[in-house]
Amino acid sequence: ENTAFEIRTANPDEVEQPSDARFIKCAVVGLPNVGKSSIVNALVEHKICASSPKPHTTAKNCNGILTVGNTQIVFQDTPGFHIEKTGKISSTMEALHRTLPECDAVMIVADVRGEVGGYVKTLLQAVHRQWAISKRRLQVFLVLTKDDLAQHTTRSSKTIAYVQNLCPGMISKNIIVNGLTGHGTHKIVNHLLQVANPGRWLYKKEWFCDRTD
């Protein structure tokens with residue numbers, strides 16, 4: 001079902017700015033069906049991004065907005081990363097290349113039950129290239145999702161070790177959240193509040209999405 005909506009234009013001149021305003025834009029990236037959209041919905045406490053057990057539910061970028069105190073965080077949900085079977089650069093790779101230079105932070109979401117390597121490696125290498133281009137100013141952190149926070153401890157450790165070995169120095173923080181309930185997402189907010197830089201807000205503080213139905 002297609003729903004008509006309008007994109008809200010980001011215009012700092014039309015937004016009431018606190019004197020000590022801080023701002024950070026965070027790209028949310030990962031393979032298909034790892035829970036990116038569910039995490040964004042939990043972070044802004046509204047269902048703004050389509051989520052489904054089926055892969056490739058997120059067809060286009062969607063911005064979630066969370067304003068806490070003097071800090072505004074914009075989460076840019078992206079389509080699940082994959083490579084065409086022909087080996088050609090997919091539209092999701094192109095979207096990644098467009099999105100990352102516009103962001104201050106990157107949240108890499110991975111399902112702790114999944115296997116590392118393959119597409120995960122390609123995704124990490126793409127983020128690492130942008131991190132290097134930014135001269136390490138890009139804040140990159142890893143979010144591992146799992147259904148039960150008390151399980152999969154060994155797999156979590158292996159995934160974290162794999163990422164650290166592949167991209168040494170890139171990951172600033174590892175966060176584990178419950179992919180079903182959203183439990184633990186407050187750790188994501190706290191981390192971004194800590195690393196946000198002084199900057200003007202793009203959206204009104206009561207907005208939680210950059211589009212309106």
# chains A, B, ... in the order shown; residues from 1 in each chain; ligands from 1
call {"tool": "residues_around", "arguments": {"residues": "Phe141 of chain A", "least_positions_apart": "4", "cutoff": "12 Å", "atoms": "only C-alpha atoms", "output": "number ranges by chain"}}
result
A: 26-30, 104-110, 124, 127-128, 131, 160, 163-164, 167, 169-176, 187-188, 191-192, 195
call {"tool": "residues_around", "arguments": {"residues": "Arg113 of chain A", "least_positions_apart": "5", "cutoff": "9 Å", "atoms": "only C-alpha atoms", "output": "mmCIF file with N, CA, C and O atoms, in the first residue's frame"}}
result
data_model
loop_
_atom_site.group_PDB
_atom_site.id
_atom_site.type_symbol
_atom_site.label_atom_id
_atom_site.label_comp_id
_atom_site.auth_asym_id
_atom_site.auth_seq_id
_atom_site.Cartn_x
_atom_site.Cartn_y
_atom_site.Cartn_z
ATOM 1 N N THR A 145 22.147 -6.674 17.890
ATOM 2 C CA THR A 145 20.774 -6.965 18.281
ATOM 3 C C THR A 145 20.617 -8.451 18.545
ATOM 4 O O THR A 145 21.183 -9.293 17.843
ATOM 5 N N LYS A 146 19.856 -8.762 19.570
ATOM 6 C CA LYS A 146 19.526 -10.151 19.862
ATOM 7 C C LYS A 146 18.232 -10.189 20.664
ATOM 8 O O LYS A 146 17.870 -9.214 21.345
ATOM 9 N N HIS A 152 23.739 -15.597 23.792
ATOM 10 C CA HIS A 152 24.630 -15.280 22.681
ATOM 11 C C HIS A 152 25.848 -14.465 23.099
ATOM 12 O O HIS A 152 26.394 -13.706 22.306
ATOM 13 N N ARG A 155 28.864 -15.349 20.889
ATOM 14 C CA ARG A 155 28.735 -14.788 19.541
ATOM 15 C C ARG A 155 28.983 -13.282 19.551
ATOM 16 O O ARG A 155 29.588 -12.731 18.626
ATOM 17 N N SER A 156 28.504 -12.586 20.589
ATOM 18 C CA SER A 156 28.732 -11.142 20.690
ATOM 19 C C SER A 156 30.215 -10.847 20.714
ATOM 20 O O SER A 156 30.706 -9.963 20.007
#
call {"tool": "residues_around", "arguments": {"residues": "Gln125 of chain A", "least_positions_apart": "4", "cutoff": "9 Å", "atoms": "only C-alpha atoms", "output": "ChimeraX atom specification"}}
result
/A:120-121,129-130,166-167
call {"tool": "select_by_dssp", "arguments": {"residues": "segment 99-150 of chain A", "states": "strand (DSSP E or B)", "output": "list in words"}}
result
Ala105, Val106, Met107, Ile108, Val109, Ala110, Asp111, Gln139, Val140, Phe141, Leu142, Val143, Leu144, Thr145 and Lys146 of chain A
call {"tool": "atom_distance", "arguments": {"atom1": "atom CA of Asp111 of chain A", "atom2": "atom CA of Lys135 of chain A"}}
result
28.3 Å
call {"tool": "atom_distance", "arguments": {"atom1": "atom CA of Glu16 of chain A", "atom2": "atom CA of Val68 of chain A"}}
result
14.3 Å
call {"tool": "closest_residue", "arguments": {"among": "A:Ser134, A:Leu123, A:Arg200, A:Lys36", "to": "Cys103 of chain A", "atoms": "only C-alpha atoms"}}
result
A:Ser134
call {"tool": "residues_around", "arguments": {"residues": "Gly199 of chain A", "least_positions_apart": "2", "cutoff": "8 Å", "atoms": "only C-alpha atoms", "output": "number ranges by chain"}}
result
A: 21-24, 197, 201
call {"tool": "closest_residue", "arguments": {"among": "A:Leu180, A:Asn165, A:Tyr203, A:Leu96", "to": "Val34 of chain A", "atoms": "only C-alpha atoms"}}
result
A:Leu180
call {"tool": "residues_around", "arguments": {"residues": "Cys62 of chain A", "least_positions_apart": "6", "cutoff": "8 Å", "atoms": "only C-alpha atoms", "output": "PyMOL selection string"}}
result
chain A and resi 48-49+76-78+209-210
call {"tool": "closest_residue", "arguments": {"among": "A:Ala196, A:Ala161, A:Val44, A:Val177", "to": "Leu144 of chain A", "atoms": "only C-alpha atoms"}}
result
A:Val177
call {"tool": "atom_distance", "arguments": {"atom1": "atom CA of Leu193 of chain A", "atom2": "atom CA of Asn11 of chain A"}}
result
21.7 Å
call {"tool": "select_by_dssp", "arguments": {"residues": "segment 160-207 of chain A", "states": "alpha helix (DSSP H)", "output": "mmCIF file with N, CA, C and O atoms, in the first residue's frame"}}
result
data_model
loop_
_atom_site.group_PDB
_atom_site.id
_atom_site.type_symbol
_atom_site.label_atom_id
_atom_site.label_comp_id
_atom_site.auth_asym_id
_atom_site.auth_seq_id
_atom_site.Cartn_x
_atom_site.Cartn_y
_atom_site.Cartn_z
ATOM 1 N N ILE A 160 32.319 -8.710 17.856
ATOM 2 C CA ILE A 160 33.071 -7.508 18.238
ATOM 3 C C ILE A 160 34.544 -7.665 17.877
ATOM 4 O O ILE A 160 35.167 -6.746 17.323
ATOM 5 N N ALA A 161 35.109 -8.834 18.161
ATOM 6 C CA ALA A 161 36.518 -9.083 17.851
ATOM 7 C C ALA A 161 36.758 -9.028 16.345
ATOM 8 O O ALA A 161 37.774 -8.481 15.883
ATOM 9 N N TYR A 162 35.831 -9.590 15.566
ATOM 10 C CA TYR A 162 35.965 -9.585 14.109
ATOM 11 C C TYR A 162 36.006 -8.156 13.576
ATOM 12 O O TYR A 162 36.859 -7.803 12.752
ATOM 13 N N VAL A 163 35.076 -7.328 14.039
ATOM 14 C CA VAL A 163 35.002 -5.940 13.570
ATOM 15 C C VAL A 163 36.253 -5.170 13.979
ATOM 16 O O VAL A 163 36.822 -4.410 13.189
ATOM 17 N N GLN A 164 36.690 -5.348 15.207
ATOM 18 C CA GLN A 164 37.873 -4.638 15.691
ATOM 19 C C GLN A 164 39.126 -5.040 14.916
ATOM 20 O O GLN A 164 39.983 -4.202 14.631
ATOM 21 N N ASN A 165 39.238 -6.323 14.566
ATOM 22 C CA ASN A 165 40.404 -6.791 13.811
ATOM 23 C C ASN A 165 40.378 -6.300 12.368
ATOM 24 O O ASN A 165 41.420 -5.965 11.793
ATOM 25 N N LEU A 166 39.177 -6.247 11.776
ATOM 26 C CA LEU A 166 39.051 -5.807 10.395
ATOM 27 C C LEU A 166 39.256 -4.298 10.260
ATOM 28 O O LEU A 166 39.882 -3.837 9.299
ATOM 29 N N THR A 185 18.175 0.627 24.059
ATOM 30 C CA THR A 185 18.383 1.711 23.090
ATOM 31 C C THR A 185 18.756 3.032 23.770
ATOM 32 O O THR A 185 19.312 3.920 23.118
ATOM 33 N N HIS A 186 18.467 3.164 25.071
ATOM 34 C CA HIS A 186 18.860 4.383 25.779
ATOM 35 C C HIS A 186 20.381 4.549 25.769
ATOM 36 O O HIS A 186 20.887 5.679 25.842
ATOM 37 N N LYS A 187 21.111 3.431 25.658
ATOM 38 C CA LYS A 187 22.572 3.508 25.600
ATOM 39 C C LYS A 187 23.029 4.173 24.299
ATOM 40 O O LYS A 187 24.046 4.869 24.275
ATOM 41 N N ILE A 188 22.263 3.949 23.224
ATOM 42 C CA ILE A 188 22.564 4.595 21.952
ATOM 43 C C ILE A 188 22.391 6.106 22.081
ATOM 44 O O ILE A 188 23.237 6.893 21.656
ATOM 45 N N VAL A 189 21.275 6.512 22.694
ATOM 46 C CA VAL A 189 21.000 7.941 22.885
ATOM 47 C C VAL A 189 22.082 8.579 23.743
ATOM 48 O O VAL A 189 22.618 9.653 23.405
ATOM 49 N N ASN A 190 22.427 7.939 24.848
ATOM 50 C CA ASN A 190 23.440 8.503 25.745
ATOM 51 C C ASN A 190 24.779 8.675 25.032
ATOM 52 O O ASN A 190 25.483 9.686 25.225
ATOM 53 N N HIS A 191 25.141 7.709 24.207
ATOM 54 C CA HIS A 191 26.413 7.805 23.488
ATOM 55 C C HIS A 191 26.405 8.981 22.519
ATOM 56 O O HIS A 191 27.370 9.765 22.463
ATOM 57 N N LEU A 192 25.308 9.135 21.773
ATOM 58 C CA LEU A 192 25.241 10.223 20.800
ATOM 59 C C LEU A 192 25.161 11.590 21.473
ATOM 60 O O LEU A 192 25.690 12.574 20.954
ATOM 61 N N LEU A 193 24.526 11.652 22.626
ATOM 62 C CA LEU A 193 24.502 12.910 23.369
ATOM 63 C C LEU A 193 25.914 13.319 23.788
ATOM 64 O O LEU A 193 26.255 14.503 23.802
ATOM 65 N N GLN A 194 26.741 12.336 24.092
ATOM 66 C CA GLN A 194 28.110 12.618 24.525
ATOM 67 C C GLN A 194 28.991 13.103 23.383
ATOM 68 O O GLN A 194 29.879 13.939 23.597
ATOM 69 N N VAL A 195 28.764 12.596 22.175
ATOM 70 C CA VAL A 195 29.666 12.921 21.066
ATOM 71 C C VAL A 195 29.115 14.015 20.142
ATOM 72 O O VAL A 195 29.803 14.418 19.196
#
